[in-house]
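Q: Could you have a look at this structure, given as structure tokens, before my questions?
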Amino acid sequence: MEQSFVVVNPTGIHARPAKKIVEAAKLCGGTVFLEKDGKKVSAKSLVNVLALGAKLGDTVTVSAEGEQAEAAVEAIGAVFAAVEVH
């Protein structure tokens, strides 16, 4: 399963949303990857998610395989679509 999302959080994907992405990725028994600008990383690693450097307006493709892949992609998409209020 693969789907693309646009980052709408004005501060991009920083520590808090990155942690939510990792938690959602761990719902999937298989593999979950994030890809932006040709760079592909495991969504199950907080360091990798932060290293992707997703900012406001960036498009990130989420791909997952295995059990609960669809649920993981939807949960990660919800993080990309959320606007955090500080």
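Within each chain, counting starts at residue 1; across the structure tokens, chains are named A, B, ... in the order shown, with ligands numbered 1 upward in that order.
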Can you pull out every residue within 10 Å of A:Glu35, counting only C-alpha atoms, but drop anything in the same chain fewer than 5 positions away, and send it as a list in words?
A: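 Answer for this query is Ser4, Lys40, Val41, Ser42, Ala43, Val49, Leu52, Ala54, Thr59, Val60, Thr61, Val62 and Ser63 of chain A.
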Q: Hey, what does DSSP flag as strand (DSSP E or B) within chain A? Can you give it to me as a list of chain:residue names?
A: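 Answer for chain A restricted to strand (DSSP E or B) is A:Glu2, A:Gln3, A:Ser4, A:Phe5, A:Val6, A:Thr31, A:Val32, A:Phe33, A:Leu34, A:Glu35, A:Lys36, A:Lys39, A:Lys40, A:Val41, A:Ser42, A:Thr59, A:Val60, A:Thr61, A:Val62, A:Ser63, A:Ala64, A:Glu65.
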Q: When DSSP works through the backbone of this structure, what residues of chain A end up as helix (DSSP H, G or I), shown as number ranges by chain?
A: A: 15-25, 46-51, 69-81
Q: Would you list the contacts of stretch 11-21 of chain A as a VMD selection string, taking every protein, DNA or RNA residue within 6 Å and counting only C-alpha atoms, but skipping same-chain residues closer than 4 positions in sequence?
A: chain A and resid 54 to 56 76
Q: I need the residues from that last selection saved to file as a PDB file, in the first residue's frame (with N, CA and C atoms), if you can.
A:
```pdb
ATOM      1  N   ALA A  54      11.115  16.762   6.685  1.00  0.00           N
ATOM      2  CA  ALA A  54       9.860  17.163   6.038  1.00  0.00           C
ATOM      3  C   ALA A  54       9.380  18.491   6.608  1.00  0.00           C
ATOM      4  N   LYS A  55       9.165  19.459   5.693  1.00  0.00           N
ATOM      5  CA  LYS A  55       8.736  20.795   6.090  1.00  0.00           C
ATOM      6  C   LYS A  55       7.351  21.095   5.510  1.00  0.00           C
ATOM      7  N   LEU A  56       6.779  22.200   5.946  1.00  0.00           N
ATOM      8  CA  LEU A  56       5.478  22.638   5.452  1.00  0.00           C
ATOM      9  C   LEU A  56       5.458  22.625   3.919  1.00  0.00           C
ATOM     10  N   ILE A  76      -0.380   7.392   9.783  1.00  0.00           N
ATOM     11  CA  ILE A  76       0.733   8.291   9.452  1.00  0.00           C
ATOM     12  C   ILE A  76       0.220   9.473   8.639  1.00  0.00           C
TER      13      ILE A  76
END
```
